[in-house]
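**Student:** Just dropping this structure here.
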Amino acid sequence: MGHLQEELELSQRRACNVVGQPRATQRHTPQPDAEEARLRERLNEFSRQRPRAGYRTACGQFRQEGLRVNPKRVQRLWREEGLKVPRKQCKKRRLGTSGNGSQRRVATRPNEVWSCDFVSDQTSDGRRLKFLCVVDEFTRECLAPEVRRSFRSRDVIAVLAGLIALRGTPAHLRSDNGPEFVAQAVQAWLKAHAVGPLYIAPGSPWENASVESFNSRLRDEHLNREAFASLLEAQVLAAGWRRDDNEARPHSSLDYLAPAVFAARWRAPVGATPLPAHASAEPPKP
């Protein structure tokens with residue numbers, strides 16, 4: 001239809017008459033199906049939890065949970081999402097220990113410990129969004145909520161490399177045992193840049209408390225209030241929210257200072273405005 005309008009310079013009405021197509025079907029804009037988007041998200045979650053199960057098991061699980069689903073619909077969505085039972089299984093590497101938790105390895109200065117984690121959301125068409133959040137544990141500054149459709153180990157490396165170029169190299173990077181963080185490529189890159197990985201114990205998100213607190217704030221104050229039409233819109237809005245969180249929003253853990261204000265005071269010469277009690281380390285000498 002668009003070809004006819006462009007090549008023959010026809011109006012939409014005349015082009016529809018030529019091919020015998022009702023104008024209503026040409027002008028109709030399909031609306032995203034919220035129920036189907038939720039089912040797609042549930043299928044992805046099921047596949048991550050039970051990687052050896054297929055769509056029939058997923059359908060049985062959903063029916064057991066009280067959902068009314070059709071097996072053929074589940075099969076169609078399963079294929080459209082690219083889900084399948086892998087032939088070759090990879091054994092999980094559990095590298096974390098409780099000794100690496102934020103309660104035992106406390107940051108005492110800026111750039112000493114960065115913590116990172118992922119948060120998921122979706123655009124209005126039901127497609128997945130993934131936020132890589134990186135936080136400086138001492139200043140509580142959000143260094144990045146990097147937004148993409150998906151992340152691999154090389155994407156994590158690219159984000160960290162960009163942050164190091166801007167802010168310098170941290171002493172440690174704290175994270176969970178997610179495949180993007182425990183990948184051999186990431187471990188080799190951290191070793192090459194003299195960054196000590198701190199993997200928390202499996203199933204213990206409270207040991208990565210700083211970034212988990214940030215994630216809950218991101219979810220409550222931003223993700224639950226915004227409907228993203230596209231990936232680009234999500235990236236732009238996330239950058240604006242990050243600036244506000246760093247430069248304007250008071251944080252109770254910093255005695256109700258914004259993270260950027262707290263960081264500036266910590267770096268100020270001795271005798272400047274006092275810092276909150278949590279900043280026990282001595283600031284740099286002038």
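A note on labels: chains of the structure tokens are A, B, ... as shown, every chain counts residues from 1, and ligands are counted from 1 in their shown order.
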Please return as an MDAnalysis selection string: the residues of segment 116-258 of chain A that backbone DSSP assigns to strand (DSSP E).
**Tutor:** chainID A and resid 116:122 128:136 142:148 172:175 196:199
**Student:** Taking the chain letters and numbering used in this document, name the residues of segment 53-241 of chain A that DSSP puts in helix (DSSP H, G or I), as a short mmCIF file (atom, residue, chain, number, x, y, z; two decimals) with N, CA and C atoms, in the first residue's frame.
**Tutor:**
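What landed in result04.cif:
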```
data_model
loop_
_atom_site.label_atom_id
_atom_site.label_comp_id
_atom_site.auth_asym_id
_atom_site.auth_seq_id
_atom_site.Cartn_x
_atom_site.Cartn_y
_atom_site.Cartn_z
N TYR A 55 7.57 -26.12 26.88
CA TYR A 55 6.35 -25.32 26.95
C TYR A 55 5.19 -26.12 27.53
N ARG A 56 5.16 -27.46 27.34
CA ARG A 56 4.07 -28.26 27.91
C ARG A 56 4.12 -28.21 29.44
N THR A 57 5.31 -28.33 30.00
CA THR A 57 5.45 -28.23 31.45
C THR A 57 5.07 -26.83 31.93
N ALA A 58 5.46 -25.82 31.14
CA ALA A 58 5.10 -24.44 31.49
C ALA A 58 3.58 -24.27 31.51
N CYS A 59 2.91 -24.84 30.51
CA CYS A 59 1.46 -24.75 30.46
C CYS A 59 0.83 -25.43 31.67
N GLY A 60 1.36 -26.62 32.04
CA GLY A 60 0.84 -27.30 33.22
C GLY A 60 1.07 -26.51 34.49
N GLN A 61 2.24 -25.86 34.58
CA GLN A 61 2.54 -25.04 35.75
C GLN A 61 1.59 -23.86 35.86
N PHE A 62 1.31 -23.21 34.73
CA PHE A 62 0.42 -22.06 34.74
C PHE A 62 -1.01 -22.47 35.13
N ARG A 63 -1.46 -23.61 34.63
CA ARG A 63 -2.79 -24.08 34.98
C ARG A 63 -2.87 -24.44 36.46
N GLN A 64 -1.79 -24.98 36.98
CA GLN A 64 -1.75 -25.30 38.40
C GLN A 64 -1.82 -24.05 39.25
N PRO A 71 -2.64 -24.51 25.34
CA PRO A 71 -1.30 -25.04 25.02
C PRO A 71 -0.74 -24.51 23.70
N LYS A 72 -1.61 -24.33 22.69
CA LYS A 72 -1.13 -23.84 21.40
C LYS A 72 -0.65 -22.39 21.52
N ARG A 73 -1.34 -21.61 22.34
CA ARG A 73 -0.91 -20.22 22.53
C ARG A 73 0.42 -20.17 23.27
N VAL A 74 0.55 -21.03 24.30
CA VAL A 74 1.81 -21.09 25.04
C VAL A 74 2.94 -21.51 24.11
N GLN A 75 2.68 -22.49 23.23
CA GLN A 75 3.70 -22.94 22.28
C GLN A 75 4.12 -21.82 21.33
N ARG A 76 3.13 -21.05 20.84
CA ARG A 76 3.44 -19.94 19.92
C ARG A 76 4.30 -18.88 20.60
N LEU A 77 3.91 -18.49 21.80
CA LEU A 77 4.69 -17.47 22.51
C LEU A 77 6.07 -18.00 22.89
N TRP A 78 6.13 -19.28 23.24
CA TRP A 78 7.42 -19.90 23.58
C TRP A 78 8.39 -19.79 22.40
N ARG A 79 7.88 -20.08 21.19
CA ARG A 79 8.74 -19.99 20.00
C ARG A 79 9.09 -18.55 19.66
N GLU A 80 8.12 -17.65 19.78
CA GLU A 80 8.38 -16.24 19.47
C GLU A 80 9.41 -15.64 20.41
N SER A 98 30.00 -15.38 52.14
CA SER A 98 29.45 -14.33 53.00
C SER A 98 30.51 -13.33 53.43
N GLY A 99 31.79 -13.74 53.37
CA GLY A 99 32.86 -12.81 53.72
C GLY A 99 32.97 -11.63 52.78
N ASN A 100 32.35 -11.72 51.59
CA ASN A 100 32.38 -10.63 50.62
C ASN A 100 31.17 -9.70 50.75
N SER A 153 28.37 -10.76 28.80
CA SER A 153 29.57 -10.40 29.55
C SER A 153 30.32 -9.25 28.89
N ARG A 154 30.38 -9.25 27.55
CA ARG A 154 31.10 -8.18 26.86
C ARG A 154 30.41 -6.82 27.05
N ASP A 155 29.09 -6.83 27.20
CA ASP A 155 28.37 -5.58 27.43
C ASP A 155 28.67 -5.04 28.84
N VAL A 156 28.74 -5.95 29.81
CA VAL A 156 29.10 -5.54 31.17
C VAL A 156 30.49 -4.94 31.18
N ILE A 157 31.43 -5.57 30.48
CA ILE A 157 32.80 -5.06 30.40
C ILE A 157 32.82 -3.67 29.78
N ALA A 158 32.03 -3.46 28.72
CA ALA A 158 32.01 -2.16 28.06
C ALA A 158 31.50 -1.06 28.99
N VAL A 159 30.46 -1.36 29.76
CA VAL A 159 29.92 -0.37 30.70
C VAL A 159 30.95 -0.05 31.78
N LEU A 160 31.58 -1.06 32.36
CA LEU A 160 32.57 -0.83 33.41
C LEU A 160 33.78 -0.07 32.87
N ALA A 161 34.19 -0.39 31.65
CA ALA A 161 35.33 0.32 31.06
C ALA A 161 35.02 1.81 30.88
N GLY A 162 33.79 2.11 30.46
CA GLY A 162 33.40 3.51 30.31
C GLY A 162 33.37 4.25 31.64
N LEU A 163 32.90 3.59 32.70
CA LEU A 163 32.87 4.21 34.02
C LEU A 163 34.28 4.44 34.56
N ILE A 164 35.17 3.47 34.34
CA ILE A 164 36.55 3.63 34.80
C ILE A 164 37.23 4.78 34.08
N ALA A 165 36.94 4.94 32.80
CA ALA A 165 37.53 6.06 32.05
C ALA A 165 37.09 7.40 32.61
N LEU A 166 35.87 7.46 33.17
CA LEU A 166 35.35 8.72 33.71
C LEU A 166 35.73 8.94 35.17
N ARG A 167 35.76 7.89 35.98
CA ARG A 167 35.87 8.04 37.42
C ARG A 167 37.10 7.38 38.03
N PRO A 179 25.34 -14.96 35.67
CA PRO A 179 26.26 -15.41 34.61
C PRO A 179 27.02 -14.27 33.94
N GLU A 180 26.41 -13.05 33.90
CA GLU A 180 27.10 -11.93 33.28
C GLU A 180 28.29 -11.47 34.11
N PHE A 181 28.27 -11.75 35.43
CA PHE A 181 29.34 -11.29 36.32
C PHE A 181 30.42 -12.35 36.57
N VAL A 182 30.01 -13.62 36.57
CA VAL A 182 30.99 -14.68 36.86
C VAL A 182 31.64 -15.22 35.59
N GLN A 184 34.05 -15.95 32.58
CA GLN A 184 35.52 -15.94 32.58
C GLN A 184 36.08 -14.66 31.95
N ALA A 185 35.37 -14.14 30.92
CA ALA A 185 35.83 -12.90 30.27
C ALA A 185 35.81 -11.74 31.26
N VAL A 186 34.77 -11.65 32.08
CA VAL A 186 34.67 -10.57 33.06
C VAL A 186 35.74 -10.73 34.13
N GLN A 187 35.94 -11.95 34.61
CA GLN A 187 36.95 -12.18 35.63
C GLN A 187 38.35 -11.84 35.12
N ALA A 188 38.64 -12.21 33.88
CA ALA A 188 39.95 -11.89 33.29
C ALA A 188 40.13 -10.39 33.14
N TRP A 189 39.04 -9.69 32.75
CA TRP A 189 39.13 -8.23 32.58
C TRP A 189 39.34 -7.55 33.92
N LEU A 190 38.64 -7.99 34.96
CA LEU A 190 38.83 -7.40 36.29
C LEU A 190 40.26 -7.62 36.78
N LYS A 191 40.79 -8.81 36.55
CA LYS A 191 42.15 -9.11 36.98
C LYS A 191 43.15 -8.23 36.24
N ALA A 192 42.92 -8.02 34.94
CA ALA A 192 43.84 -7.19 34.15
C ALA A 192 43.82 -5.75 34.61
N PRO A 205 20.84 -11.79 48.71
CA PRO A 205 20.87 -10.43 48.17
C PRO A 205 21.15 -9.36 49.21
N TRP A 206 20.85 -9.66 50.49
CA TRP A 206 21.10 -8.67 51.55
C TRP A 206 22.59 -8.39 51.71
N GLU A 207 23.46 -9.26 51.20
CA GLU A 207 24.89 -9.02 51.29
C GLU A 207 25.38 -8.01 50.25
N ASN A 208 24.50 -7.64 49.34
CA ASN A 208 24.80 -6.58 48.38
C ASN A 208 23.81 -5.44 48.63
N ALA A 209 23.80 -4.97 49.88
CA ALA A 209 22.72 -4.11 50.38
C ALA A 209 22.62 -2.78 49.65
N SER A 210 23.74 -2.17 49.31
CA SER A 210 23.70 -0.83 48.70
C SER A 210 22.96 -0.84 47.38
N VAL A 211 23.32 -1.77 46.50
CA VAL A 211 22.68 -1.78 45.19
C VAL A 211 21.24 -2.31 45.28
N GLU A 212 20.95 -3.20 46.24
CA GLU A 212 19.58 -3.66 46.41
C GLU A 212 18.69 -2.52 46.89
N SER A 213 19.20 -1.68 47.79
CA SER A 213 18.45 -0.50 48.22
C SER A 213 18.21 0.45 47.06
N PHE A 214 19.25 0.63 46.23
CA PHE A 214 19.10 1.48 45.05
C PHE A 214 18.06 0.90 44.10
N ASN A 215 18.09 -0.42 43.89
CA ASN A 215 17.14 -1.06 42.98
C ASN A 215 15.70 -0.83 43.43
N SER A 216 15.45 -0.94 44.74
CA SER A 216 14.08 -0.74 45.23
C SER A 216 13.64 0.71 45.02
N ARG A 217 14.56 1.65 45.17
CA ARG A 217 14.23 3.05 44.94
C ARG A 217 13.99 3.31 43.45
N LEU A 218 14.82 2.72 42.60
CA LEU A 218 14.62 2.86 41.15
C LEU A 218 13.26 2.31 40.75
N ARG A 219 12.90 1.15 41.29
CA ARG A 219 11.61 0.54 40.96
C ARG A 219 10.45 1.40 41.45
N ASP A 220 10.52 1.86 42.70
CA ASP A 220 9.40 2.57 43.31
C ASP A 220 9.23 3.97 42.73
N GLU A 221 10.32 4.69 42.51
CA GLU A 221 10.24 6.09 42.14
C GLU A 221 10.30 6.34 40.64
N LEU A 223 10.54 3.25 37.72
CA LEU A 223 10.00 2.23 36.82
C LEU A 223 8.50 2.04 37.00
N ASN A 224 8.00 2.10 38.23
CA ASN A 224 6.57 1.91 38.48
C ASN A 224 5.75 3.13 38.08
N ARG A 225 6.40 4.22 37.73
CA ARG A 225 5.68 5.46 37.38
C ARG A 225 5.76 5.79 35.90
N LEU A 231 13.07 1.73 23.64
CA LEU A 231 14.34 1.62 24.35
C LEU A 231 14.98 2.99 24.52
N LEU A 232 14.94 3.81 23.46
CA LEU A 232 15.54 5.14 23.53
C LEU A 232 14.89 5.99 24.61
N GLU A 233 13.57 5.94 24.70
CA GLU A 233 12.87 6.71 25.74
C GLU A 233 13.29 6.24 27.13
N ALA A 234 13.41 4.93 27.31
CA ALA A 234 13.84 4.40 28.61
C ALA A 234 15.24 4.87 28.95
N GLN A 235 16.13 4.93 27.97
CA GLN A 235 17.50 5.38 28.21
C GLN A 235 17.54 6.86 28.60
N VAL A 236 16.77 7.69 27.90
CA VAL A 236 16.76 9.13 28.18
C VAL A 236 16.18 9.40 29.56
N LEU A 237 15.06 8.76 29.88
CA LEU A 237 14.42 8.99 31.18
C LEU A 237 15.28 8.45 32.32
N ALA A 238 15.97 7.34 32.10
CA ALA A 238 16.85 6.80 33.14
C ALA A 238 18.01 7.74 33.42
N ALA A 239 18.55 8.37 32.37
CA ALA A 239 19.65 9.32 32.57
C ALA A 239 19.19 10.53 33.37
N GLY A 240 17.98 11.02 33.09
CA GLY A 240 17.45 12.15 33.85
C GLY A 240 17.17 11.79 35.29
N TRP A 241 16.62 10.61 35.52
CA TRP A 241 16.36 10.18 36.90
C TRP A 241 17.67 10.01 37.66
#
```
**Student:** Would you mind listing what lies within 7 Å of Phe131 of chain A as number ranges by chain, with only C-alpha atoms counted and same-chain residues fewer than 4 positions away left out?
**Tutor:** A: 118-120, 145-148
**Student:** Using only N, CA, C and O atoms, please write the residues we just selected to a file, as a tab-separated table (two decimals), in the first residue's frame.
**Tutor:**
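And here is the file that came out, selection06.tsv:
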```
chain	number	residue	atom	x	y	z
A	118	PHE	N	21.24	-6.21	38.30
A	118	PHE	CA	20.31	-5.98	37.20
A	118	PHE	C	18.89	-5.78	37.72
A	118	PHE	O	18.49	-6.37	38.73
A	119	VAL	N	18.14	-4.93	37.00
A	119	VAL	CA	16.71	-4.74	37.24
A	119	VAL	C	16.01	-4.87	35.89
A	119	VAL	O	16.50	-4.35	34.88
A	120	SER	N	14.86	-5.55	35.86
A	120	SER	CA	14.14	-5.78	34.61
A	120	SER	C	12.85	-4.98	34.56
A	120	SER	O	12.21	-4.74	35.58
A	145	PRO	N	22.62	3.61	35.50
A	145	PRO	CA	21.66	2.58	35.14
A	145	PRO	C	21.72	2.46	33.62
A	145	PRO	O	21.09	3.22	32.90
A	146	GLU	N	22.54	1.57	33.10
A	146	GLU	CA	22.67	1.35	31.66
A	146	GLU	C	21.48	0.50	31.21
A	146	GLU	O	21.21	-0.56	31.77
A	147	VAL	N	20.77	0.96	30.17
A	147	VAL	CA	19.54	0.30	29.74
A	147	VAL	C	19.75	-0.33	28.37
A	147	VAL	O	20.16	0.35	27.42
A	148	ARG	N	19.48	-1.62	28.27
A	148	ARG	CA	19.54	-2.34	26.99
A	148	ARG	C	18.45	-3.40	26.99
A	148	ARG	O	17.79	-3.64	27.99
```
**Student:** Here is a test: counting only C-alpha atoms, which residue of A:Asp136, A:Glu9, A:Asp121, A:Glu112 is nearest to Val195 of chain A?
**Tutor:**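 Selected residue with least distance to Val195 of chain A: A:Glu112.
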**Student:** So which residues touch Thr139 of chain A within 12 Å, counting only C-alpha atoms, skipping near sequence neighbours fewer than 2 positions away, as an NGL selection string?
**Tutor:** :A and (107-115 or 135-137 or 141-143 or 210 or 246-247 or 251 or 253-255 or 257-267 or 275-276 or 278-279 or 281)
**Student:** With N, CA and C atoms retained, could you export that selection as a tab-separated table (two decimals), in the first residue's frame?
**Tutor:**
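Output (again_13.tsv):
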```tsv
chain	number	residue	atom	x	y	z
A	107	ALA	N	32.82	-0.24	52.62
A	107	ALA	CA	33.57	0.79	51.90
A	107	ALA	C	33.90	1.94	52.85
A	108	THR	N	35.13	2.45	52.78
A	108	THR	CA	35.57	3.54	53.66
A	108	THR	C	35.95	4.80	52.91
A	109	ARG	N	35.84	4.77	51.59
A	109	ARG	CA	36.19	5.95	50.78
A	109	ARG	C	35.54	5.81	49.40
A	110	PRO	N	35.42	6.92	48.68
A	110	PRO	CA	34.87	6.82	47.32
A	110	PRO	C	35.77	5.95	46.44
A	111	ASN	N	35.15	5.30	45.49
A	111	ASN	CA	35.86	4.47	44.51
A	111	ASN	C	36.53	3.24	45.13
A	112	GLU	N	36.18	2.92	46.38
A	112	GLU	CA	36.76	1.71	46.97
A	112	GLU	C	35.95	0.48	46.56
A	113	VAL	N	34.62	0.56	46.65
A	113	VAL	CA	33.76	-0.57	46.29
A	113	VAL	C	32.61	-0.06	45.42
A	114	TRP	N	32.51	-0.62	44.22
A	114	TRP	CA	31.33	-0.44	43.39
A	114	TRP	C	30.48	-1.71	43.50
A	115	SER	N	29.19	-1.57	43.59
A	115	SER	CA	28.31	-2.73	43.58
A	115	SER	C	27.39	-2.65	42.37
A	135	VAL	N	26.63	1.24	41.58
A	135	VAL	CA	26.55	2.22	42.66
A	135	VAL	C	27.88	2.26	43.40
A	136	ASP	N	28.35	3.48	43.72
A	136	ASP	CA	29.50	3.64	44.62
A	136	ASP	C	28.98	3.49	46.05
A	137	GLU	N	29.44	2.47	46.75
A	137	GLU	CA	28.86	2.15	48.05
A	137	GLU	C	29.13	3.21	49.10
A	141	GLU	N	26.43	7.22	45.16
A	141	GLU	CA	26.19	7.77	43.84
A	141	GLU	C	25.84	6.66	42.86
A	142	CYS	N	24.83	6.92	42.04
A	142	CYS	CA	24.50	6.00	40.96
A	142	CYS	C	25.44	6.30	39.79
A	143	LEU	N	26.33	5.38	39.49
A	143	LEU	CA	27.27	5.58	38.39
A	143	LEU	C	26.63	5.25	37.06
A	210	SER	N	23.74	-2.17	49.31
A	210	SER	CA	23.70	-0.83	48.70
A	210	SER	C	22.96	-0.84	47.38
A	246	ASN	N	21.28	11.65	42.03
A	246	ASN	CA	22.63	11.97	42.49
A	246	ASN	C	22.76	13.40	43.00
A	247	GLU	N	22.09	14.34	42.37
A	247	GLU	CA	22.35	15.75	42.62
A	247	GLU	C	21.30	16.45	43.47
A	251	HIS	N	19.28	11.63	50.71
A	251	HIS	CA	19.38	10.22	51.09
A	251	HIS	C	19.50	10.13	52.61
A	253	SER	N	20.59	7.74	54.41
A	253	SER	CA	21.85	7.15	54.84
A	253	SER	C	23.00	8.16	54.83
A	254	LEU	N	22.81	9.29	54.17
A	254	LEU	CA	23.83	10.35	54.11
A	254	LEU	C	23.39	11.56	54.94
A	255	ASP	N	22.58	11.33	55.96
A	255	ASP	CA	22.05	12.42	56.78
A	255	ASP	C	21.28	13.42	55.92
A	257	LEU	N	21.60	14.22	52.76
A	257	LEU	CA	22.34	14.94	51.73
A	257	LEU	C	22.20	14.20	50.41
A	258	ALA	N	22.28	14.93	49.30
A	258	ALA	CA	22.35	14.27	48.00
A	258	ALA	C	23.73	13.64	47.86
A	259	PRO	N	23.86	12.51	47.15
A	259	PRO	CA	25.16	11.85	47.02
A	259	PRO	C	26.26	12.74	46.46
A	260	ALA	N	25.95	13.57	45.46
A	260	ALA	CA	26.97	14.44	44.89
A	260	ALA	C	27.43	15.48	45.91
A	261	VAL	N	26.50	15.98	46.72
A	261	VAL	CA	26.86	16.95	47.77
A	261	VAL	C	27.73	16.28	48.82
A	262	PHE	N	27.35	15.08	49.22
A	262	PHE	CA	28.13	14.33	50.20
A	262	PHE	C	29.55	14.07	49.69
A	263	ALA	N	29.68	13.64	48.41
A	263	ALA	CA	30.98	13.37	47.84
A	263	ALA	C	31.84	14.63	47.79
A	264	ALA	N	31.22	15.77	47.43
A	264	ALA	CA	31.96	17.03	47.37
A	264	ALA	C	32.45	17.44	48.75
A	265	ARG	N	31.63	17.24	49.77
A	265	ARG	CA	32.06	17.60	51.14
A	265	ARG	C	33.17	16.68	51.63
A	266	TRP	N	33.11	15.42	51.26
A	266	TRP	CA	34.15	14.49	51.69
A	266	TRP	C	35.51	14.87	51.09
A	267	ARG	N	35.48	15.36	49.86
A	267	ARG	CA	36.73	15.72	49.19
A	267	ARG	C	37.19	17.13	49.56
A	275	LEU	N	30.59	16.09	57.97
A	275	LEU	CA	29.94	15.02	57.23
A	275	LEU	C	29.04	14.21	58.16
A	276	PRO	N	28.12	13.42	57.59
A	276	PRO	CA	27.31	12.53	58.41
A	276	PRO	C	28.16	11.50	59.14
A	278	HIS	N	28.16	8.32	59.10
A	278	HIS	CA	28.58	7.10	58.39
A	278	HIS	C	29.91	7.27	57.71
A	279	ALA	N	30.36	8.53	57.46
A	279	ALA	CA	31.63	8.78	56.78
A	279	ALA	C	32.76	8.78	57.81
A	281	ALA	N	35.78	7.50	57.53
A	281	ALA	CA	37.15	7.64	57.02
A	281	ALA	C	37.54	9.10	56.96
```
**Student:** Got a sec: who's within 12 Å of Ser124 of chain A, counting only C-alpha atoms, leaving out chain neighbours fewer than 2 positions off, as a ChimeraX atom specification?
**Tutor:** /A:31-38,121-122,126-129,226-231,233-234
**Student:** Could those residues be written to a file, using C-alpha atoms, as a PDB file, in the first residue's frame?
**Tutor:**
```pdb
ATOM      1  CA  GLN A  31      -2.729  -2.259  20.392  1.00  0.00           C
ATOM      2  CA  PRO A  32      -0.352  -4.211  22.648  1.00  0.00           C
ATOM      3  CA  ASP A  33      -2.040  -7.041  24.520  1.00  0.00           C
ATOM      4  CA  ALA A  34      -1.268  -6.566  28.214  1.00  0.00           C
ATOM      5  CA  GLU A  35      -2.312 -10.118  29.089  1.00  0.00           C
ATOM      6  CA  GLU A  36      -0.039 -11.565  26.420  1.00  0.00           C
ATOM      7  CA  ALA A  37       2.848  -9.381  27.586  1.00  0.00           C
ATOM      8  CA  ARG A  38       2.438 -10.732  31.121  1.00  0.00           C
ATOM      9  CA  ASP A 121      11.205  -3.913  33.097  1.00  0.00           C
ATOM     10  CA  GLN A 122       9.525  -3.728  29.688  1.00  0.00           C
ATOM     11  CA  GLY A 126       5.894  -6.124  25.973  1.00  0.00           C
ATOM     12  CA  ARG A 127       9.559  -6.353  24.971  1.00  0.00           C
ATOM     13  CA  ARG A 128      12.070  -6.701  27.765  1.00  0.00           C
ATOM     14  CA  LEU A 129      14.234  -3.933  29.206  1.00  0.00           C
ATOM     15  CA  GLU A 226       6.822   5.425  33.740  1.00  0.00           C
ATOM     16  CA  ALA A 227       5.456   3.614  30.675  1.00  0.00           C
ATOM     17  CA  PHE A 228       8.308   3.338  28.161  1.00  0.00           C
ATOM     18  CA  ALA A 229       7.352   3.469  24.491  1.00  0.00           C
ATOM     19  CA  SER A 230      10.825   2.512  23.271  1.00  0.00           C
ATOM     20  CA  LEU A 231      14.337   1.625  24.353  1.00  0.00           C
ATOM     21  CA  GLU A 233      12.869   6.712  25.738  1.00  0.00           C
ATOM     22  CA  ALA A 234      13.840   4.398  28.609  1.00  0.00           C
TER      23      ALA A 234
END
```
**Student:** Measuring atom to atom with only C-alpha atoms, identify which of A:Ala183, A:Leu67, A:Thr169, A:Pro86 is nearest to Gly196 of chain A.
**Tutor:**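 Ranking A:Ala183, A:Leu67, A:Thr169, A:Pro86 by distance to Gly196 of chain A, first place goes to A:Thr169.
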